[in-house]
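K.L.:
To be precise about what I am sending: the file is called protein02.cif and holds mmCIF, C-alpha atoms.
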data_upload
loop_
_atom_site.label_atom_id
_atom_site.label_comp_id
_atom_site.auth_asym_id
_atom_site.auth_seq_id
_atom_site.Cartn_x
_atom_site.Cartn_y
_atom_site.Cartn_z
CA MET A 1273 16.13 -51.93 -37.15
CA LYS A 1274 16.69 -49.05 -34.76
CA THR A 1275 18.80 -45.95 -35.38
CA VAL A 1276 20.65 -44.72 -32.30
CA ASP A 1277 21.91 -41.15 -32.06
CA VAL A 1278 25.18 -41.71 -30.19
CA GLY A 1279 25.54 -38.01 -29.37
CA HIS A 1280 22.11 -37.92 -27.74
CA VAL A 1281 22.72 -41.20 -25.88
CA LEU A 1282 25.92 -39.88 -24.36
CA ASP A 1283 24.90 -36.26 -23.84
CA GLU A 1284 21.58 -36.93 -22.15
CA GLY A 1285 22.17 -40.33 -20.55
CA ARG A 1286 23.42 -41.44 -17.16
CA TRP A 1287 26.93 -41.20 -15.76
CA THR A 1288 27.59 -44.77 -14.72
CA GLY A 1289 30.31 -46.42 -12.66
CA TYR A 1290 31.95 -47.76 -15.82
CA GLN A 1291 32.19 -44.27 -17.29
CA LYS A 1292 33.80 -43.04 -14.09
CA LEU A 1293 36.29 -45.89 -14.36
CA LEU A 1294 37.15 -44.78 -17.89
CA ILE A 1295 37.71 -41.22 -16.66
CA ALA A 1296 40.04 -42.62 -13.98
CA GLY A 1297 42.04 -44.52 -16.60
CA THR A 1298 42.37 -41.39 -18.74
CA ALA A 1299 43.33 -39.36 -15.68
CA LEU A 1300 46.18 -41.74 -14.84
CA THR A 1301 47.94 -40.82 -18.08
CA ILE A 1302 47.67 -37.14 -17.18
CA ILE A 1303 49.05 -37.69 -13.68
CA LEU A 1304 52.15 -39.17 -15.31
CA ASP A 1305 52.15 -36.33 -17.83
CA GLY A 1306 52.25 -33.88 -14.91
CA VAL A 1307 55.03 -35.88 -13.24
CA ASP A 1308 57.26 -35.94 -16.32
CA ASN A 1309 56.57 -32.30 -17.09
CA GLN A 1310 57.93 -31.15 -13.72
CA LEU A 1311 60.87 -33.51 -13.25
CA LEU A 1312 63.39 -31.04 -14.68
CA PRO A 1313 62.26 -28.01 -12.62
CA ASN A 1314 62.61 -30.15 -9.49
CA ALA A 1315 65.97 -31.62 -10.53
CA GLN A 1316 67.57 -28.47 -11.97
CA ARG A 1317 69.67 -27.67 -8.89
CA ALA A 1318 71.02 -31.23 -8.69
CA ILE A 1319 71.85 -31.27 -12.42
CA ALA A 1320 73.56 -27.86 -12.25
CA ALA A 1321 75.64 -28.99 -9.27
CA GLU A 1322 76.75 -32.23 -10.98
CA TRP A 1323 77.69 -30.49 -14.23
CA GLY A 1324 79.26 -27.44 -12.57
CA ILE A 1325 76.98 -24.88 -14.24
CA GLN A 1326 74.71 -22.06 -13.08
CA LEU A 1327 70.90 -22.39 -13.10
CA PRO A 1328 70.38 -19.88 -15.98
CA ALA A 1329 72.36 -22.28 -18.22
CA LEU A 1330 69.39 -24.66 -18.02
CA ALA A 1331 66.88 -22.06 -19.26
CA ASN A 1332 66.86 -23.43 -22.82
CA ALA A 1333 66.38 -26.99 -21.57
CA LEU A 1334 63.46 -25.82 -19.42
CA ALA A 1335 61.93 -24.00 -22.39
CA ALA A 1336 62.50 -26.90 -24.82
CA GLY A 1337 59.89 -29.10 -23.13
CA PRO A 1338 57.07 -26.57 -23.52
CA PHE A 1339 58.17 -25.88 -27.10
CA GLY A 1340 57.85 -29.57 -27.85
CA MET A 1341 54.47 -29.58 -26.13
CA MET A 1342 53.37 -26.80 -28.47
CA ILE A 1343 54.21 -29.01 -31.47
CA GLY A 1344 52.72 -32.07 -29.79
CA GLY A 1345 49.47 -30.27 -28.99
CA VAL A 1346 48.71 -29.55 -32.65
CA LEU A 1347 50.05 -32.89 -33.90
CA GLY A 1348 48.37 -34.94 -31.18
CA GLY A 1349 45.02 -33.19 -31.53
CA THR A 1350 44.99 -33.63 -35.30
CA LEU A 1351 46.01 -37.29 -35.05
CA GLY A 1352 43.32 -37.83 -32.42
CA ASP A 1353 40.64 -36.51 -34.79
CA LYS A 1354 41.91 -38.74 -37.61
CA LEU A 1355 43.19 -41.93 -35.92
CA GLY A 1356 41.27 -41.95 -32.64
CA ARG A 1357 41.65 -40.32 -29.22
CA ARG A 1358 42.78 -43.54 -27.50
CA THR A 1359 45.47 -44.32 -30.08
CA ALA A 1360 46.92 -40.81 -29.95
CA LEU A 1361 46.76 -40.62 -26.14
CA LEU A 1362 48.53 -43.92 -25.46
CA GLY A 1363 51.06 -43.27 -28.24
CA SER A 1364 51.88 -39.91 -26.66
CA ALA A 1365 52.33 -41.47 -23.22
CA LEU A 1366 54.65 -44.11 -24.66
CA VAL A 1367 56.77 -41.46 -26.40
CA PHE A 1368 57.30 -39.26 -23.37
CA GLY A 1369 57.99 -42.33 -21.23
CA LEU A 1370 60.72 -43.70 -23.52
CA ILE A 1371 62.45 -40.35 -23.93
CA THR A 1372 62.33 -39.59 -20.22
CA VAL A 1373 64.19 -42.85 -19.63
CA ALA A 1374 66.82 -41.69 -22.14
CA ILE A 1375 67.25 -38.40 -20.23
CA ALA A 1376 68.50 -40.38 -17.23
CA PHE A 1377 71.69 -41.10 -19.22
CA VAL A 1378 72.57 -37.65 -20.64
CA GLY A 1379 75.73 -35.77 -19.71
CA ASP A 1380 75.45 -32.31 -21.26
CA VAL A 1381 72.99 -29.43 -21.64
CA THR A 1382 72.64 -29.75 -25.43
CA THR A 1383 71.56 -33.39 -25.35
CA LEU A 1384 69.26 -32.67 -22.41
CA THR A 1385 67.63 -29.84 -24.37
CA ILE A 1386 67.06 -32.02 -27.46
CA LEU A 1387 65.55 -34.86 -25.45
CA ARG A 1388 63.31 -32.49 -23.49
CA LEU A 1389 62.06 -31.14 -26.82
CA LEU A 1390 61.18 -34.65 -28.01
CA ALA A 1391 59.62 -35.63 -24.68
CA GLY A 1392 57.58 -32.43 -24.84
CA ILE A 1393 56.06 -33.53 -28.16
CA GLY A 1394 54.74 -36.63 -26.42
CA LEU A 1395 53.56 -34.67 -23.39
CA GLY A 1396 51.76 -32.14 -25.59
CA GLY A 1397 49.98 -34.83 -27.60
CA ALA A 1398 48.48 -36.41 -24.50
CA MET A 1399 46.57 -33.38 -23.28
CA PRO A 1400 44.07 -32.67 -26.11
CA ASN A 1401 43.24 -36.35 -26.51
CA ALA A 1402 42.67 -36.89 -22.81
CA THR A 1403 40.39 -33.84 -22.86
CA ALA A 1404 38.47 -35.12 -25.89
CA LEU A 1405 38.13 -38.63 -24.46
CA SER A 1406 36.89 -37.34 -21.11
CA SER A 1407 34.35 -35.07 -22.75
CA GLU A 1408 33.06 -37.82 -25.05
CA TYR A 1409 32.70 -40.55 -22.42
CA VAL A 1410 30.20 -38.69 -20.21
CA PRO A 1411 26.85 -36.85 -20.30
CA ARG A 1412 26.80 -33.16 -21.17
CA ARG A 1413 25.80 -32.05 -17.66
CA SER A 1414 28.79 -33.89 -16.12
CA ARG A 1415 31.29 -32.98 -18.84
CA PRO A 1416 32.95 -29.92 -17.25
CA PHE A 1417 33.49 -31.82 -14.00
CA ALA A 1418 34.78 -34.96 -15.77
CA VAL A 1419 37.21 -33.01 -17.96
CA THR A 1420 38.42 -30.97 -14.99
CA LEU A 1421 38.95 -34.13 -12.93
CA THR A 1422 41.15 -35.38 -15.76
CA ILE A 1423 43.14 -32.19 -16.28
CA VAL A 1424 43.46 -31.55 -12.53
CA CYS A 1425 45.84 -34.49 -12.63
CA ILE A 1426 48.44 -32.16 -14.15
CA PRO A 1427 49.05 -30.33 -10.84
CA LEU A 1428 48.49 -33.62 -9.01
CA GLY A 1429 51.29 -35.08 -11.11
CA GLY A 1430 53.37 -32.00 -10.33
CA PHE A 1431 52.80 -32.61 -6.63
CA VAL A 1432 53.91 -36.22 -7.07
CA ALA A 1433 57.02 -35.06 -8.96
CA ALA A 1434 57.99 -32.66 -6.16
CA TRP A 1435 57.28 -35.34 -3.55
CA MET A 1436 59.40 -37.87 -5.45
CA ALA A 1437 62.20 -35.35 -5.89
CA GLY A 1438 62.32 -34.60 -2.18
CA ARG A 1439 62.86 -38.28 -1.41
CA ILE A 1440 64.84 -39.56 -4.40
CA LEU A 1441 67.25 -36.70 -5.12
CA PRO A 1442 69.10 -36.65 -1.77
CA VAL A 1443 69.60 -40.44 -1.74
CA TYR A 1444 69.64 -41.75 -5.34
CA GLY A 1445 70.24 -38.66 -7.47
CA TRP A 1446 68.45 -37.01 -10.39
CA ARG A 1447 69.11 -39.82 -12.89
CA THR A 1448 67.06 -42.28 -10.84
CA LEU A 1449 64.28 -39.69 -10.69
CA PHE A 1450 64.07 -39.55 -14.50
CA LEU A 1451 64.42 -43.32 -14.84
CA ILE A 1452 61.39 -43.94 -12.62
CA GLY A 1453 59.50 -41.08 -14.26
CA GLY A 1454 59.94 -42.75 -17.66
CA VAL A 1455 59.39 -46.42 -16.85
CA VAL A 1456 56.00 -45.93 -15.18
CA PRO A 1457 54.29 -44.30 -18.24
CA ILE A 1458 55.62 -47.08 -20.47
CA VAL A 1459 54.08 -49.76 -18.23
CA LEU A 1460 50.81 -47.84 -17.90
CA SER A 1461 50.49 -47.38 -21.67
CA ALA A 1462 50.81 -51.13 -22.15
CA LEU A 1463 48.13 -51.83 -19.55
CA LEU A 1464 45.66 -49.20 -20.81
CA PHE A 1465 46.05 -50.50 -24.37
CA PHE A 1466 43.96 -53.50 -23.28
CA ILE A 1467 41.61 -51.62 -20.92
CA LEU A 1468 40.80 -48.18 -22.32
CA PRO A 1469 38.20 -48.11 -25.16
CA GLU A 1470 38.02 -45.63 -28.00
CA SER A 1471 35.65 -42.66 -27.88
CA PRO A 1472 32.08 -43.79 -28.68
CA ARG A 1473 31.56 -40.79 -30.93
CA PHE A 1474 34.72 -41.62 -32.87
CA LEU A 1475 33.61 -45.26 -33.24
CA ALA A 1476 30.25 -44.09 -34.61
CA ARG A 1477 31.97 -42.64 -37.70
CA ASP A 1478 33.02 -46.06 -39.05
CA ARG A 1479 30.47 -48.84 -39.68
CA THR A 1480 33.18 -51.50 -39.24
CA LYS A 1481 33.64 -50.30 -35.64
CA TRP A 1482 29.95 -50.52 -34.74
CA PRO A 1483 30.25 -53.92 -33.01
CA ALA A 1484 32.80 -52.40 -30.62
CA LEU A 1485 30.49 -49.41 -30.16
CA ARG A 1486 27.50 -51.64 -29.30
CA SER A 1487 29.58 -53.46 -26.71
CA LEU A 1488 30.84 -50.21 -25.19
CA LEU A 1489 27.38 -48.62 -24.97
CA ARG A 1490 26.02 -51.76 -23.28
CA ARG A 1491 28.84 -51.64 -20.72
CA ILE A 1492 27.94 -48.02 -20.04
CA GLY A 1493 24.38 -49.16 -19.35
CA HIS A 1494 22.40 -48.51 -22.53
CA ASP A 1495 20.06 -51.10 -24.07
CA VAL A 1496 21.30 -51.26 -27.67
CA PRO A 1497 19.72 -53.75 -30.13
CA ALA A 1498 22.07 -56.10 -31.97
CA ASP A 1499 20.99 -54.69 -35.36
CA ALA A 1500 21.14 -51.02 -34.33
CA GLU A 1501 22.62 -48.47 -36.71
CA PHE A 1502 24.41 -45.42 -35.38
CA VAL A 1503 24.49 -41.73 -36.22
CA ASP A 1504 25.85 -38.69 -34.46
CA ALA A 1505 23.40 -35.97 -35.42
CA ALA A 1506 25.45 -33.14 -33.95
CA ALA A 1507 28.60 -34.24 -35.79
CA LEU A 1508 26.71 -34.66 -39.06
CA ALA A 1509 25.26 -31.17 -38.70
CA GLY A 1510 28.72 -29.77 -38.01
CA GLY A 1511 30.40 -31.86 -40.66
CA ALA A 1512 28.52 -30.07 -43.39
CA LYS A 1513 30.17 -26.83 -42.32
CA THR A 1514 33.70 -27.94 -41.43
CA THR A 1515 36.71 -29.49 -43.13
CA GLY A 1516 38.47 -30.70 -39.98
CA SER A 1517 41.27 -28.14 -40.37
CA ILE A 1518 42.65 -25.38 -38.17
CA GLY A 1519 40.99 -22.90 -40.52
CA ASP A 1520 37.60 -24.07 -39.21
CA LEU A 1521 38.46 -22.58 -35.83
CA PHE A 1522 38.37 -19.11 -37.39
CA ARG A 1523 35.07 -19.44 -39.22
CA PRO A 1524 32.62 -16.70 -38.16
CA ALA A 1525 30.79 -19.05 -35.77
CA PHE A 1526 33.96 -19.76 -33.77
CA ARG A 1527 36.29 -16.81 -34.48
CA LEU A 1528 35.79 -14.72 -31.33
CA ASP A 1529 35.74 -17.80 -29.11
CA THR A 1530 38.98 -19.01 -30.69
CA ILE A 1531 40.72 -15.66 -30.20
CA GLY A 1532 39.59 -15.55 -26.57
CA LEU A 1533 40.67 -19.13 -25.91
CA PHE A 1534 44.04 -18.63 -27.57
CA GLY A 1535 44.74 -15.55 -25.43
CA ALA A 1536 43.55 -17.26 -22.26
CA PHE A 1537 45.65 -20.38 -22.83
CA PHE A 1538 48.72 -18.31 -23.79
CA PHE A 1539 48.75 -16.14 -20.68
CA CYS A 1540 47.45 -18.73 -18.22
CA LEU A 1541 50.05 -21.33 -19.19
CA MET A 1542 52.68 -18.60 -18.95
CA ALA A 1543 51.49 -17.73 -15.43
CA ASN A 1544 51.46 -21.35 -14.29
CA TYR A 1545 54.91 -22.13 -15.64
CA ILE A 1546 56.38 -18.95 -14.22
CA GLY A 1547 55.53 -20.74 -10.98
CA PHE A 1548 56.56 -24.29 -11.90
CA GLN A 1549 59.89 -23.40 -13.51
CA ARG A 1550 61.27 -20.64 -11.30
CA LEU A 1551 59.60 -20.81 -7.88
CA PRO A 1552 62.49 -22.88 -6.40
CA ARG A 1553 64.96 -20.24 -7.62
CA VAL A 1554 62.90 -17.41 -6.11
CA THR A 1555 62.64 -19.11 -2.73
CA GLY A 1556 66.41 -19.60 -2.81
CA ASP A 1557 66.94 -15.91 -3.64
CA LEU A 1558 64.73 -15.00 -0.69
CA GLY A 1559 66.92 -17.00 1.69
CA PHE A 1560 64.85 -20.15 2.13
CA GLU A 1561 66.68 -23.47 2.49
CA PRO A 1562 67.24 -25.32 -0.86
CA ALA A 1563 64.84 -28.12 0.13
CA PHE A 1564 62.09 -25.52 0.59
CA GLY A 1565 61.94 -25.09 -3.21
CA ASN A 1566 60.60 -28.63 -3.67
CA ARG A 1567 58.21 -28.09 -0.79
CA ALA A 1568 56.96 -24.85 -2.34
CA LEU A 1569 56.25 -26.68 -5.62
CA GLN A 1570 54.32 -29.34 -3.68
CA TYR A 1571 52.10 -26.67 -2.15
CA LEU A 1572 51.69 -24.83 -5.45
CA ASN A 1573 50.51 -28.04 -7.11
CA LEU A 1574 48.45 -29.32 -4.19
CA GLY A 1575 46.64 -26.00 -4.01
CA GLY A 1576 45.99 -26.38 -7.73
CA VAL A 1577 44.36 -29.78 -7.25
CA PHE A 1578 41.86 -28.50 -4.70
CA GLY A 1579 41.31 -25.23 -6.56
CA ALA A 1580 40.52 -26.99 -9.82
CA ILE A 1581 38.02 -29.38 -8.22
CA ILE A 1582 36.29 -26.54 -6.40
CA GLY A 1583 36.24 -24.50 -9.61
CA ALA A 1584 34.62 -27.37 -11.52
CA LEU A 1585 31.94 -27.72 -8.85
CA ILE A 1586 31.19 -23.98 -8.95
CA ILE A 1587 30.92 -24.09 -12.76
CA GLN A 1588 28.14 -26.66 -12.42
CA GLN A 1589 26.21 -24.18 -10.28
CA LEU A 1590 27.08 -20.85 -11.91
CA GLY A 1591 28.45 -21.66 -15.36
CA SER A 1592 31.98 -20.95 -16.58
CA ARG A 1593 31.78 -17.21 -17.29
CA VAL A 1594 31.15 -16.05 -13.73
CA THR A 1595 33.40 -18.74 -12.25
CA MET A 1596 36.44 -18.31 -14.48
CA LEU A 1597 36.35 -14.52 -14.60
CA GLY A 1598 35.98 -14.43 -10.83
CA LEU A 1599 38.89 -16.83 -10.24
CA SER A 1600 41.07 -14.84 -12.65
CA ALA A 1601 40.31 -11.59 -10.83
CA LEU A 1602 41.11 -13.18 -7.46
CA SER A 1603 44.43 -14.49 -8.79
CA VAL A 1604 45.41 -10.96 -9.84
CA ILE A 1605 44.61 -9.66 -6.35
CA VAL A 1606 46.52 -12.42 -4.54
CA ALA A 1607 49.58 -12.10 -6.81
CA ALA A 1608 49.63 -8.33 -6.22
CA MET A 1609 49.46 -8.94 -2.46
CA MET A 1610 52.47 -11.29 -2.71
CA ALA A 1611 54.40 -8.68 -4.70
CA LEU A 1612 53.68 -5.97 -2.12
CA ASN A 1613 54.36 -8.27 0.84
CA VAL A 1614 56.97 -10.77 -0.36
CA PRO A 1615 56.99 -14.11 1.59
CA MET A 1616 60.08 -14.39 3.82
CA PRO A 1617 61.89 -17.27 5.57
CA GLY A 1618 60.84 -15.95 8.96
CA ASP A 1619 57.22 -16.96 8.33
CA ILE A 1620 57.21 -20.30 6.53
CA VAL A 1621 53.55 -21.01 7.32
CA MET A 1622 52.40 -17.77 5.71
CA ALA A 1623 54.70 -18.34 2.72
CA LEU A 1624 53.33 -21.82 2.06
CA THR A 1625 49.75 -20.62 2.59
CA MET A 1626 50.09 -17.87 0.00
CA ILE A 1627 51.80 -20.25 -2.44
CA ALA A 1628 48.97 -22.78 -2.02
CA ILE A 1629 46.32 -20.10 -2.54
CA ILE A 1630 47.88 -18.72 -5.72
CA GLY A 1631 48.40 -22.28 -6.93
CA ALA A 1632 44.72 -23.01 -6.34
CA LEU A 1633 43.62 -19.96 -8.32
CA LEU A 1634 46.06 -20.35 -11.23
CA ASN A 1635 45.38 -24.04 -11.70
CA ALA A 1636 41.63 -23.68 -11.19
CA VAL A 1637 41.50 -21.34 -14.17
CA GLN A 1638 43.90 -23.41 -16.26
CA THR A 1639 42.31 -26.81 -15.74
CA THR A 1640 38.73 -25.65 -16.25
CA MET A 1641 39.89 -23.94 -19.44
CA TYR A 1642 40.25 -27.38 -21.05
CA ALA A 1643 36.60 -28.10 -20.28
CA LEU A 1644 35.67 -24.74 -21.78
CA ALA A 1645 37.62 -25.49 -24.98
CA ALA A 1646 35.98 -28.92 -25.28
CA HIS A 1647 32.59 -27.21 -24.87
CA VAL A 1648 33.25 -24.51 -27.48
CA TYR A 1649 34.13 -26.84 -30.39
CA PRO A 1650 31.90 -29.55 -31.93
CA VAL A 1651 33.03 -33.16 -31.91
CA GLU A 1652 34.42 -33.25 -35.45
CA ILE A 1653 37.00 -30.52 -34.69
CA ARG A 1654 37.23 -30.91 -30.90
CA GLY A 1655 40.66 -32.54 -30.91
CA THR A 1656 41.98 -29.96 -33.37
CA GLY A 1657 40.40 -27.08 -31.46
CA VAL A 1658 41.63 -28.11 -28.04
CA GLY A 1659 45.04 -29.17 -29.37
CA THR A 1660 45.60 -25.89 -31.21
CA ALA A 1661 44.48 -23.78 -28.25
CA VAL A 1662 46.86 -25.69 -26.00
CA ALA A 1663 49.63 -25.34 -28.59
CA VAL A 1664 49.19 -21.56 -28.60
CA GLY A 1665 49.28 -21.73 -24.82
CA ARG A 1666 52.59 -23.57 -25.03
CA ILE A 1667 54.13 -20.49 -26.63
CA GLY A 1668 53.40 -18.72 -23.35
CA ASN A 1669 54.71 -21.81 -21.61
CA VAL A 1670 58.01 -21.58 -23.58
CA LEU A 1671 58.38 -17.89 -22.79
CA ALA A 1672 57.59 -18.31 -19.08
CA VAL A 1673 61.15 -19.07 -17.94
CA TYR A 1674 62.50 -16.04 -19.85
CA VAL A 1675 59.74 -13.75 -18.54
CA ALA A 1676 60.42 -14.93 -14.98
CA ASP A 1677 64.18 -14.44 -15.36
CA TYR A 1678 63.65 -10.95 -16.82
CA ALA A 1679 61.32 -9.99 -13.98
CA LEU A 1680 63.88 -11.24 -11.45
CA ARG A 1681 66.70 -9.29 -13.12
CA VAL A 1682 64.72 -6.07 -13.24
CA SER A 1683 62.82 -6.11 -9.93
CA GLY A 1684 63.85 -9.20 -7.99
CA PRO A 1685 61.19 -11.37 -6.24
CA PRO A 1686 58.54 -8.59 -6.18
CA GLY A 1687 58.81 -8.35 -9.98
CA TYR A 1688 58.41 -12.13 -10.18
CA PHE A 1689 55.10 -11.97 -8.31
CA TRP A 1690 53.97 -8.96 -10.37
CA SER A 1691 54.47 -11.10 -13.50
CA TRP A 1692 51.76 -13.42 -12.15
CA ALA A 1693 49.38 -10.49 -11.65
CA ILE A 1694 49.96 -9.07 -15.14
CA THR A 1695 49.58 -12.37 -16.99
CA MET A 1696 46.39 -13.28 -15.11
CA ALA A 1697 44.91 -9.86 -15.87
CA ALA A 1698 45.43 -10.71 -19.56
CA VAL A 1699 43.67 -14.06 -18.95
CA LEU A 1700 40.71 -12.20 -17.46
CA VAL A 1701 40.36 -10.03 -20.57
CA SER A 1702 40.72 -13.02 -22.91
CA LEU A 1703 38.06 -15.12 -21.15
CA ALA A 1704 35.66 -12.19 -21.33
CA LEU A 1705 35.82 -12.45 -25.15
CA VAL A 1706 34.56 -16.05 -25.23
CA ARG A 1707 30.87 -16.24 -26.13
CA ARG A 1708 30.18 -19.98 -25.78
CA HIS A 1709 30.76 -20.29 -22.07
CA ILE A 1710 29.49 -23.38 -20.25
CA GLU A 1711 26.01 -22.91 -18.83
CA ARG A 1712 25.08 -24.17 -15.38
CA SER A 1713 24.24 -27.88 -15.36
CA ALA A 1714 20.71 -29.19 -15.78
CA ALA A 1715 19.32 -30.87 -12.70
CA GLU A 1716 18.01 -34.09 -14.25
CA PRO A 1717 19.15 -36.32 -17.14
CA ALA A 1718 16.98 -36.87 -20.16
CA LEU A 1719 16.25 -40.28 -21.71
CA ALA A 1720 19.36 -42.22 -22.72
CA THR A 1721 18.11 -43.41 -26.12
CA HIS A 1722 15.51 -42.50 -28.64
#
Using structure tokens, write down the structure that the file contains.

P.N.:
Amino acid sequence: MKTVDVGHVLDEGRWTGYQKLLIAGTALTIILDGVDNQLLPNAQRAIAAEWGIQLPALANALAAGPFGMMIGGVLGGTLGDKLGRRTALLGSALVFGLITVAIAFVGDVTTLTILRLLAGIGLGGAMPNATALSSEYVPRRSRPFAVTLTIVCIPLGGFVAAWMAGRILPVYGWRTLFLIGGVVPIVLSALLFFILPESPRFLARDRTKWPALRSLLRRIGHDVPADAEFVDAAALAGGAKTTGSIGDLFRPAFRLDTIGLFGAFFFCLMANYIGFQRLPRVTGDLGFEPAFGNRALQYLNLGGVFGAIIGALIIQQLGSRVTMLGLSALSVIVAAMMALNVPMPGDIVMALTMIAIIGALLNAVQTTMYALAAHVYPVEIRGTGVGTAVAVGRIGNVLAVYVADYALRVSGPPGYFWSWAITMAAVLVSLALVRRHIERSAAEPALATH
């Protein structure tokens, strides 16, 4: 009888085509997460026009989604650690899909706000479990890139939402936009229920799930005997020191990392959602055509997709400390340049270029932050750690629309762009506190089994 260390098999083994397919399946849920998350910012002008209200009247509805995501991040991460990443991920996708369909039939701000809160709980629960699944499917050396490829689907989903809005809103209206945005996640959840396997490291905890684990490891490409027994040495070592609670995140071994991650998530999510939630309003205030707001969001998100992928590749070469601190510093510089030289309708190319660049920098930092959080915490508290960090970030997310509106009231568009610079400077300081940054990747894999 052979004992197989699942952690070693996954951490030091190959990254096969099947594993890449699993990452793709996980990423699909996050694309739809990104779509649903940005439907309301794209549709806010159409909703306000139909209901005869001003855009500030939708501020609470815009903030309700992130508030729900804050709750969902903690709840989803904890459920993922206890019930399984796959179960929590697909359950979250089903929840935000069903509620988004319901939003297509609302007729007042109060009901919209309540439903956005509930949809946000589902959206928030998806993120930590997708991060945990991605990190636990692949070898250690490929983990930052795999997690980033999953989380980069948030801005990719945002790009899809803006693209959909530009084509659906003028012809079919905002209700059709929400109807489509809800039906697709429901269908995908049903399909992935039969396709997406549970995390191998989660399966290793329960002897009754070992047959499924053997089958999964063989599909990945490992030669596992039929009578093999499984352990996860890293989890066992950590399990002696942890209780699986949020309190574990503040034990001496993790305390400074947790504080740094919490600050980084808080300010970086605030910076990103200052863009997502109020950029269309700012472009309107500057005199751009209304349709330009959707186009600006497309470029903000598309820049984020490319920026995140490039950031993940650089992390493999330089590690996360140099990469993430450097990207944060660049975002401060670019935001300050936009504040001092505000984009104007007379130069659309320059405006879109600057929006794409700041989108690339903001999203590059944000998406790679999930990989950093998954790296900091051991497997037994990874879902809780990532989920709680994201939940703290959602507080910044909730406050973003109010911060943006305050900056606009006080200083107009220049103040709006300065809010980006200030929040990203806080991200820079927070990331500098993290001790367990990701090291540069090893060149060659070790043996898959032992």

K.L.:
Taking the file as shown, what set of residues would the PyMOL selection byres ((chain A and resi 1597) around 10) give back, as a count of residues only?

P.N.:
19

K.L.:
Can you turn the PyMOL selection byres ((chain A and resi 1403-1420) around 7) into a concrete residue list for this file, as a PyMOL selection string?

P.N.:
chain A and resi 1282-1287+1291+1295+1357+1399-1402+1421-1424+1471+1473+1580-1581+1584-1585+1639-1640+1642-1643+1646+1654-1655+1713-1714

K.L.:
Enter the distance from CA of Gly1631 (chain A) to CA of Cys1425 (chain A), in Å, rounded to one decimal.

P.N.:
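Going from CA of Gly1631 (chain A) over to CA of Cys1425 (chain A) covers 13.7 Å.
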
K.L.:
For this structure, which residues satisfy the selection - the PyMOL selection byres ((chain A and resi 1313) around 8) - when it is evaluated on the file as given? I want them as number ranges by chain.

P.N.:
A: 1310-1312, 1314-1316, 1334, 1548-1550

K.L.:
Report, in Å to a single decimal, how far apart CA of Ala1296 (chain A) and CA of Leu1475 (chain A) are.

P.N.:
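CA of Ala1296 (chain A) lies 20.5 Å from CA of Leu1475 (chain A).
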
K.L.:
Using only the atoms of region 1353-1368 of chain A listed in the file, plus 8 Å on each side, state the axis-aligned box centre and edge lengths in Å rounded to one decimal, as lines of an AutoDock Vina configuration file.

P.N.:
center_x = 49.0
center_y = -40.4
center_z = -30.4
size_x = 32.7
size_y = 23.8
size_z = 30.4

K.L.:
Record the distance separating CA of Ile1386 (chain A) and CA of Ala1336 (chain A), expressed in Å with one decimal.

P.N.:
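Distance reported for this atom pair: 7.3 Å.
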
K.L.:
Name all residues at most 7 Å from region 1564-1568 of chain A (count only C-alpha atoms; drop same-chain ones fewer than 6 positions away) and give them as a list in words.

P.N.:
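Neighbouring residues, sequence-local ones excluded: Asn1314, Ala1434, Gly1438, Leu1551, Pro1552, Thr1555, Leu1624 and Ile1627 of chain A.
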
K.L.:
Neighbours of region 1606-1623 of chain A within 9 Å (only C-alpha atoms; same-chain residues fewer than 3 positions away dropped), as a ChimeraX atom specification?

P.N.:
/A:1555,1558-1561,1568,1601-1603,1626-1630,1633,1685-1694,1696

K.L.:
Pick the closest to Arg1708 (chain A) from A:Gly1575, A:Gly1396, A:Gly1356, A:Gly1532: which is it, counting all atoms listed in the file?

P.N.:
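With all atoms listed in the file as the atom set, the closest residue is A:Gly1532.
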
K.L.:
Which one is closest to Thr1359 (chain A): A:Ser1461, A:Thr1275, A:Thr1372, A:Gln1326? Count only C-alpha atoms.

P.N.:
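Using only C-alpha atoms, the shortest distance to Thr1359 (chain A) belongs to A:Ser1461.
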